[in-house]
$ cat upload.tsv   # TSV, C-alpha atoms
chain	number	residue	atom	x	y	z
A	1	MET	CA	54.51	44.16	20.35
A	2	GLU	CA	52.81	43.61	17.01
A	3	SER	CA	49.70	41.44	17.19
A	4	GLU	CA	51.21	38.68	15.04
A	5	GLU	CA	54.25	38.57	17.30
A	6	LEU	CA	52.05	38.65	20.41
A	7	LEU	CA	49.97	35.71	19.21
A	8	LYS	CA	53.09	33.68	18.46
A	9	GLU	CA	54.43	34.51	21.92
A	10	LEU	CA	51.16	33.42	23.54
A	11	LEU	CA	51.21	30.11	21.67
A	12	ALA	CA	54.93	29.35	22.02
A	13	ILE	CA	54.43	26.23	24.13
A	14	PRO	CA	57.73	24.59	25.14
A	15	ARG	CA	58.42	21.26	23.43
A	16	ASP	CA	58.65	19.39	26.72
A	17	ALA	CA	55.40	20.78	28.15
A	18	ALA	CA	52.21	18.73	28.28
A	19	PHE	CA	49.94	19.53	25.35
A	20	ASN	CA	52.95	20.91	23.53
A	21	ARG	CA	51.45	20.14	20.13
A	22	VAL	CA	49.13	23.08	20.73
A	23	ARG	CA	52.19	25.06	19.58
A	24	TYR	CA	51.26	24.06	16.00
A	25	ILE	CA	48.34	26.48	16.29
A	26	GLY	CA	50.88	29.27	16.63
A	27	GLN	CA	53.31	27.87	14.09
A	28	LEU	CA	51.05	26.63	11.32
A	29	MET	CA	47.61	28.15	11.57
A	30	GLY	CA	46.53	31.64	10.58
A	31	GLU	CA	45.90	34.56	12.91
A	32	GLU	CA	42.12	34.14	12.74
A	33	LYS	CA	42.35	30.55	13.97
A	34	GLN	CA	44.78	31.54	16.71
A	35	VAL	CA	42.40	34.18	18.01
A	36	GLU	CA	39.51	31.71	17.78
A	37	PHE	CA	41.50	29.25	19.92
A	38	LEU	CA	42.44	31.77	22.59
A	39	LYS	CA	38.94	33.23	22.85
A	40	GLY	CA	37.46	29.74	23.00
A	41	LEU	CA	39.93	28.75	25.70
A	42	PHE	CA	38.74	31.61	27.90
A	43	ALA	CA	35.07	30.86	27.20
A	44	LYS	CA	35.42	27.15	27.93
A	45	SER	CA	37.32	27.86	31.15
A	46	VAL	CA	34.46	30.04	32.39
A	47	GLU	CA	31.92	27.44	31.26
A	48	ALA	CA	33.82	24.79	33.19
A	49	ARG	CA	33.82	26.89	36.32
A	50	GLU	CA	30.08	27.56	36.08
A	51	ALA	CA	29.30	23.91	35.38
A	52	LYS	CA	31.76	22.67	38.01
A	53	ASN	CA	32.88	20.29	35.29
A	54	ALA	CA	35.88	20.73	33.04
A	55	GLU	CA	35.02	18.04	30.49
A	56	ALA	CA	34.09	20.58	27.79
A	57	LEU	CA	37.39	22.41	28.39
A	58	PHE	CA	39.43	19.19	28.10
A	59	ASP	CA	37.57	18.27	24.94
A	60	PHE	CA	38.22	21.75	23.53
A	61	LEU	CA	41.97	21.49	24.24
A	62	GLU	CA	42.23	18.01	22.78
A	63	SER	CA	40.30	18.83	19.64
A	64	TRP	CA	42.42	21.95	19.01
A	65	GLU	CA	45.56	19.92	19.61
A	66	GLU	CA	44.33	17.50	16.95
A	67	GLN	CA	43.66	20.38	14.57
A	68	GLY	CA	47.24	21.52	15.17
A	69	MET	CA	48.56	18.02	14.46
A	70	ALA	CA	46.38	17.76	11.35
A	71	ALA	CA	47.88	21.04	10.14
A	72	ALA	CA	51.36	19.55	10.70
A	73	ALA	CA	50.41	16.31	8.95
A	74	GLU	CA	49.11	18.24	5.92
A	75	ARG	CA	52.65	19.36	5.39
A	76	ALA	CA	54.05	15.88	5.87
A	77	ARG	CA	54.54	13.48	3.06
A	78	ALA	CA	55.68	9.91	3.15
A	79	PRO	CA	59.49	10.13	3.06
A	80	PHE	CA	59.64	7.81	0.05
A	81	GLU	CA	57.31	5.79	-2.17
A	82	LEU	CA	55.46	3.47	0.20
A	83	GLY	CA	53.72	1.22	-2.28
A	84	ALA	CA	50.66	-0.84	-1.38
A	85	THR	CA	50.00	-1.43	2.32
A	86	PRO	CA	51.41	-4.87	3.14
A	87	TRP	CA	48.77	-7.29	4.35
A	88	GLU	CA	48.75	-10.73	5.86
A	89	PRO	CA	45.63	-11.77	7.77
A	90	LEU	CA	46.15	-13.50	11.09
A	91	SER	CA	45.06	-17.07	10.47
A	92	ILE	CA	44.95	-18.22	14.09
A	93	PRO	CA	43.40	-16.68	17.22
A	94	ILE	CA	45.69	-14.60	19.45
A	95	SER	CA	45.20	-17.25	22.14
A	96	GLN	CA	47.25	-19.59	19.94
A	97	ALA	CA	49.62	-17.03	18.45
A	98	LYS	CA	53.22	-16.20	19.29
A	99	VAL	CA	53.34	-12.45	19.87
A	100	ALA	CA	56.26	-10.02	20.04
A	101	LEU	CA	56.46	-6.40	21.12
A	102	VAL	CA	58.31	-3.77	19.11
A	103	THR	CA	58.59	-0.10	19.98
A	104	THR	CA	60.13	3.14	18.75
A	105	GLY	CA	60.50	4.41	22.30
A	106	GLY	CA	64.31	4.24	22.45
A	107	PHE	CA	64.77	1.34	24.89
A	108	TYR	CA	68.01	-0.56	25.35
A	109	VAL	CA	69.37	-2.97	27.93
A	110	ALA	CA	71.97	-1.66	30.38
A	111	GLY	CA	75.33	-2.51	28.86
A	112	GLN	CA	74.16	-2.17	25.26
A	113	GLU	CA	75.26	0.83	23.23
A	114	PRO	CA	72.75	3.68	23.71
A	115	TYR	CA	71.21	5.31	20.62
A	116	GLU	CA	72.58	8.42	19.01
A	117	THR	CA	69.60	10.48	20.05
A	118	ASP	CA	70.55	13.31	17.74
A	119	GLY	CA	73.33	11.67	15.85
A	120	PRO	CA	75.90	13.29	13.59
A	121	GLU	CA	74.32	16.13	11.58
A	122	ASN	CA	71.17	15.68	13.66
A	123	LYS	CA	70.14	12.61	11.68
A	124	GLY	CA	69.02	10.48	14.62
A	125	ASP	CA	69.64	6.74	14.69
A	126	TYR	CA	67.96	3.99	12.66
A	127	SER	CA	69.47	1.08	14.59
A	128	PHE	CA	67.56	-1.31	16.81
A	129	ARG	CA	68.22	-3.18	20.01
A	130	ALA	CA	67.18	-6.73	20.84
A	131	ILE	CA	65.46	-6.65	24.21
A	132	PRO	CA	65.15	-10.01	26.00
A	133	ARG	CA	61.59	-10.51	27.11
A	134	ASN	CA	62.66	-11.14	30.72
A	135	THR	CA	64.74	-7.96	31.08
A	136	PRO	CA	64.08	-6.60	34.59
A	137	ALA	CA	62.74	-3.06	34.70
A	138	ASP	CA	65.85	-1.75	36.45
A	139	LYS	CA	68.05	-3.06	33.62
A	140	LEU	CA	66.02	-1.40	30.87
A	141	GLU	CA	67.19	2.07	29.89
A	142	VAL	CA	65.57	4.60	27.59
A	143	ALA	CA	67.12	7.32	25.43
A	144	HIS	CA	65.13	9.67	23.20
A	145	LEU	CA	65.15	13.44	22.98
A	146	HIS	CA	61.75	13.92	21.41
A	147	TYR	CA	59.27	12.81	24.00
A	148	ASP	CA	58.90	13.08	27.77
A	149	LEU	CA	60.84	10.12	29.22
A	150	SER	CA	59.54	10.51	32.78
A	151	GLY	CA	56.68	8.16	31.84
A	152	PRO	CA	58.70	5.12	30.70
A	153	LYS	CA	61.30	5.75	33.41
A	154	GLU	CA	58.55	5.41	36.00
A	155	ASP	CA	56.78	2.55	34.22
A	156	ARG	CA	58.00	1.03	30.95
A	157	ASN	CA	54.49	-0.26	30.24
A	158	CYS	CA	53.21	3.18	29.26
A	159	VAL	CA	55.31	2.77	26.09
A	160	PHE	CA	56.61	-0.83	26.06
A	161	PRO	CA	53.96	-3.06	27.68
A	162	ILE	CA	56.32	-5.90	28.64
A	163	ASP	CA	54.69	-6.71	31.95
A	164	ARG	CA	51.18	-6.47	30.53
A	165	ALA	CA	52.12	-9.03	27.87
A	166	GLU	CA	53.32	-11.43	30.58
A	167	GLU	CA	49.98	-11.07	32.38
A	168	LEU	CA	48.09	-11.71	29.16
A	169	VAL	CA	49.97	-14.90	28.41
A	170	LYS	CA	49.43	-16.10	32.00
A	171	ASP	CA	45.70	-15.45	31.56
A	172	GLY	CA	45.62	-17.34	28.28
A	173	VAL	CA	44.75	-14.29	26.15
A	174	ILE	CA	48.03	-14.59	24.23
A	175	GLY	CA	49.28	-18.05	23.20
A	176	SER	CA	52.95	-17.41	23.78
A	177	LEU	CA	55.53	-14.63	23.70
A	178	SER	CA	58.72	-14.30	21.76
A	179	ASP	CA	61.85	-14.46	23.94
A	180	THR	CA	63.13	-11.34	22.17
A	181	TYR	CA	61.48	-8.00	21.59
A	182	TYR	CA	62.90	-5.10	19.61
A	183	SER	CA	63.20	-1.39	20.14
A	184	PHE	CA	64.05	1.42	17.77
A	185	MET	CA	64.57	5.05	18.68
A	186	GLY	CA	61.98	6.94	16.71
A	187	PHE	CA	63.98	10.05	15.78
A	188	ILE	CA	65.19	8.92	12.37
A	189	MET	CA	65.91	11.50	9.70
A	190	ASN	CA	66.95	9.00	7.03
A	191	PRO	CA	63.96	6.65	7.11
A	192	GLU	CA	64.91	4.99	3.84
A	193	LEU	CA	67.77	3.33	5.75
A	194	LEU	CA	65.26	2.11	8.32
A	195	ALA	CA	62.97	0.84	5.54
A	196	ASN	CA	65.73	-0.84	3.55
A	197	GLU	CA	68.00	-2.16	6.28
A	198	THR	CA	67.07	-2.29	9.93
A	199	ALA	CA	63.29	-2.79	9.76
A	200	PRO	CA	63.61	-5.76	7.33
A	201	GLU	CA	66.33	-7.18	9.58
A	202	VAL	CA	63.98	-7.09	12.58
A	203	ALA	CA	61.24	-8.67	10.44
A	204	ARG	CA	63.65	-11.50	9.51
A	205	LEU	CA	64.59	-12.03	13.14
A	206	LEU	CA	60.95	-12.12	14.20
A	207	LYS	CA	60.11	-14.58	11.44
A	208	ALA	CA	63.06	-16.80	12.39
A	209	ASP	CA	61.66	-16.82	15.95
A	210	GLY	CA	58.32	-18.07	14.67
A	211	VAL	CA	56.48	-14.91	15.69
A	212	ASP	CA	52.92	-14.73	14.32
A	213	ALA	CA	52.00	-11.17	15.27
A	214	VAL	CA	53.59	-7.98	16.52
A	215	VAL	CA	52.25	-5.08	18.55
A	216	LEU	CA	54.29	-1.99	17.65
A	217	THR	CA	54.00	0.98	19.97
A	218	ALA	CA	55.01	4.35	18.55
A	219	THR	CA	56.09	7.41	20.46
B	1	MET	CA	49.69	-3.82	14.39
B	2	LEU	CA	50.52	-0.27	15.43
B	3	VAL	CA	49.42	1.70	18.49
B	4	MET	CA	50.04	5.40	17.99
B	5	MET	CA	48.81	8.77	19.08
B	6	ASN	CA	46.13	10.49	17.10
B	7	SER	CA	48.32	12.49	14.75
B	8	GLY	CA	47.79	12.89	11.04
B	9	MET	CA	50.84	10.69	10.36
B	10	ALA	CA	48.60	7.62	10.50
B	11	ASP	CA	46.82	9.01	7.44
B	12	VAL	CA	50.12	9.66	5.64
B	13	LEU	CA	51.65	6.26	6.36
B	14	GLU	CA	48.56	3.99	6.03
B	15	PRO	CA	49.74	1.09	8.20
B	16	PRO	CA	47.92	-2.26	7.84
B	17	ARG	CA	46.25	-2.04	11.27
B	18	VAL	CA	46.37	0.87	13.66
B	19	ALA	CA	44.83	1.82	16.99
B	20	ARG	CA	44.82	5.59	17.38
B	21	VAL	CA	44.79	6.92	20.92
B	22	ARG	CA	43.97	10.47	21.97
B	23	PHE	CA	46.91	10.51	24.38
B	24	PRO	CA	49.95	12.77	24.68
B	25	PHE	CA	53.18	12.20	22.81
B	26	GLY	CA	55.10	9.26	24.19
B	27	ARG	CA	52.19	7.60	25.97
B	28	PRO	CA	50.74	5.14	23.45
B	29	MET	CA	49.75	2.74	26.22
B	30	GLY	CA	48.48	5.45	28.56
B	31	GLU	CA	49.66	6.78	31.89
B	32	PRO	CA	52.59	5.24	33.75
B	33	SER	CA	51.74	3.08	36.78
B	34	ASN	CA	48.21	2.47	35.56
B	35	PRO	CA	48.31	-1.28	34.89
B	36	ASP	CA	44.59	-1.52	34.20
B	37	GLN	CA	44.94	1.11	31.46
B	38	SER	CA	47.90	-0.46	29.67
B	39	ARG	CA	46.19	-3.84	29.95
B	40	VAL	CA	42.99	-2.50	28.35
B	41	ILE	CA	44.93	-0.81	25.50
B	42	LEU	CA	46.97	-3.96	24.83
B	43	GLU	CA	43.84	-6.09	24.82
B	44	ASP	CA	42.29	-3.69	22.30
B	45	ALA	CA	45.42	-3.87	20.13
B	46	LEU	CA	45.33	-7.66	20.12
B	47	GLN	CA	41.63	-7.62	19.32
B	48	ILE	CA	42.32	-5.46	16.26
B	49	LEU	CA	45.10	-7.84	15.20
B	50	GLU	CA	42.71	-10.75	15.40
B	51	THR	CA	39.64	-9.20	13.78
B	52	ALA	CA	40.90	-6.80	11.09
B	53	THR	CA	39.93	-8.00	7.64
B	54	GLU	CA	41.54	-5.50	5.31
B	55	PRO	CA	44.68	-3.37	5.04
B	56	GLY	CA	44.37	0.13	6.39
B	57	THR	CA	42.14	-0.84	9.33
B	58	VAL	CA	41.99	2.15	11.67
B	59	VAL	CA	40.36	2.01	15.08
B	60	HIS	CA	40.02	5.18	17.16
B	61	LEU	CA	40.13	4.04	20.75
B	62	PRO	CA	37.57	6.04	22.76
B	63	TYR	CA	39.54	6.64	25.95
B	64	ARG	CA	39.92	10.17	27.31
B	65	TRP	CA	43.30	11.03	28.84
B	66	ARG	CA	43.20	10.69	32.64
B	67	ARG	CA	39.42	10.46	32.73
B	68	GLU	CA	38.53	6.79	32.44
B	69	ASP	CA	38.03	4.11	35.08
B	70	TYR	CA	40.03	1.27	33.55
B	71	ALA	CA	39.44	-1.03	36.51
B	72	GLN	CA	35.73	-0.72	35.77
B	73	ILE	CA	36.33	-1.33	32.06
B	74	ARG	CA	38.15	-4.53	32.97
B	75	ARG	CA	35.35	-5.61	35.33
B	76	ASP	CA	32.79	-4.95	32.57
B	77	ARG	CA	34.85	-7.02	30.12
B	78	ALA	CA	35.17	-9.88	32.58
B	79	ALA	CA	31.43	-9.83	33.23
B	80	LYS	CA	30.71	-9.82	29.48
B	81	ALA	CA	33.12	-12.70	28.92
B	82	LYS	CA	31.30	-14.72	31.60
B	83	THR	CA	27.90	-14.19	29.99
B	84	THR	CA	29.15	-15.14	26.51
B	85	ALA	CA	31.03	-18.21	27.78
$ encode --input "upload.tsv" --output "structure tokens"
Amino acid sequence: MESEELLKELLAIPRDAAFNRVRYIGQLMGEEKQVEFLKGLFAKSVEAREAKNAEALFDFLESWEEQGMAAAAERARAPFELGATPWEPLSIPISQAKVALVTTGGFYVAGQEPYETDGPENKGDYSFRAIPRNTPADKLEVAHLHYDLSGPKEDRNCVFPIDRAEELVKDGVIGSLSDTYYSFMGFIMNPELLANETAPEVARLLKADGVDAVVLTAT
Amino acid sequence: MLVMMNSGMADVLEPPRVARVRFPFGRPMGEPSNPDQSRVILEDALQILETATEPGTVVHLPYRWRREDYAQIRRDRAAKAKTTA
């Protein structure tokens, strides 16, 4: 096998594996960087064994994963002209505010139409679902092809912190909660439709509900 | 405000307020079945909402994946809140 092919083979991490963004090192970075990563991985593993402490190895993996993601982001551009960052300061403390949760994690209530996780022509789905705040965990479904769903299936709060929000309002940290939250499914290949149609619709609905602030969790 | 993983997309999109977490894809609030962790992250998110003063506020949350004692973090916060009260 040629060395270039061998390196790519070594760094072909499956998409559903943990640390799968390390695959960007193989896909986007040059051969020199790939060799540097693999040699460093061996060195840090030995160091961890000698020190009986793997912290330096974990830090090494995470920082290389970030370098891989930075390499991917360098190639990314905003999908359309974004304009100035919108800004509205929060004029009241959170303890008096009405808060809503929004997520891109692909949640829907049992009985609602699931998302088109790939959609026709692999375009994804820019629709949203209204999620009643008091939806029991066993009635909340999740559909998304581009992240590991075992987490939210075990505990929705690792993506959509519904139960944590309830605890925070009970403890007086949050003033009140909206009766309705919203979920999108984050695989959206025509984001201008999200920006022009469904996101403004959710903003209107939140405003009509008197929501002061939103925590949006992205997957 | 937005809680997202530490990818370069936060730099491309420039949201008004963002908490960047060094967690895997699909785990913005941390590990499943770790209520102390998701509570700590949500508290941090709300804190950013309340205290940010300009658009493009980015906070890198310091937590290491699977290596923090969130119950202790919560105890420390409760103790601090008592002394400031």
$ interface_residues --input "upload.tsv" --of "chain A" --to "chain B" --cutoff "6 Å" --atoms "all atoms listed in the file" --output "compact mmCIF listing (two decimals) with C-alpha atoms, keeping the file's coordinate frame"
# COMPACT_ATOMS: atom_id res chain seq x y z
CA MET A 69 48.56 18.02 14.46
CA ALA A 70 46.38 17.76 11.35
CA ALA A 73 50.41 16.31 8.95
CA THR A 85 50.00 -1.43 2.32
CA TRP A 87 48.77 -7.29 4.35
CA TYR A 147 59.27 12.81 24.00
CA GLY A 151 56.68 8.16 31.84
CA ASP A 155 56.78 2.55 34.22
CA CYS A 158 53.21 3.18 29.26
CA VAL A 159 55.31 2.77 26.09
CA ARG A 164 51.18 -6.47 30.53
CA VAL A 215 52.25 -5.08 18.55
CA LEU A 216 54.29 -1.99 17.65
CA THR A 217 54.00 0.98 19.97
CA ALA A 218 55.01 4.35 18.55
CA THR A 219 56.09 7.41 20.46
$ closest_residue --input "upload.tsv" --among "A:Ser127, A:Asn20, A:Ser45, A:Asn134" --to "Glu166 (chain A)" --atoms "all atoms listed in the file"
A:Asn134
$ atom_distance --input "upload.tsv" --atom1 "CA of Val102 (chain A)" --atom2 "CA of Asp171 (chain A)"
21.2 Å
$ residues_near_point --input "upload.tsv" --point "(66.6, 5.5, 8.3)" --cutoff "12 Å" --atoms "only C-alpha atoms" --output "VMD selection string"
chain A and resid 79 to 80 119 123 to 128 184 to 200
$ residues_around --input "upload.tsv" --residues "Gly111 (chain A)" --least-positions-apart "4" --cutoff "10 Å" --atoms "all atoms listed in the file" --output "PDB file with C-alpha atoms, in the coordinates of the input"
ATOM      1  CA  LYS A 139      68.050  -3.060  33.620  1.00  0.00           C
ATOM      2  CA  LEU A 140      66.020  -1.400  30.870  1.00  0.00           C
ATOM      3  CA  GLU A 141      67.190   2.070  29.890  1.00  0.00           C
TER       4      GLU A 141
END
$ residues_around --input "upload.tsv" --residues "region 95-100 of chain A" --least-positions-apart "6" --cutoff "12 Å" --atoms "only C-alpha atoms" --output "PyMOL selection string"
(chain A and resi 130-133+160-162+165-166+168-183+202-203+205-207+209-217) or (chain B and resi 1+42-43+45-47+49-50)
$ atom_distance --input "upload.tsv" --atom1 "CA of Glu62 (chain A)" --atom2 "CA of Arg21 (chain A)"
9.8 Å
$ atom_distance --input "upload.tsv" --atom1 "CA of Ala12 (chain A)" --atom2 "CA of Gly26 (chain A)"
6.7 Å
$ axis_aligned_box --input "upload.tsv" --around "region 23-33 of chain B" --padding-each-side "6 Å" --output "AutoDock Vina command-line options"
--center_x 51.0 --center_y 7.8 --center_z 29.8 --size_x 20.2 --size_y 22.0 --size_z 26.0
$ closest_residue --input "upload.tsv" --among "A:Glu121, A:Tyr24, A:Ser150, A:Ala110" --to "Pro136 (chain A)" --atoms "only C-alpha atoms"
A:Ala110
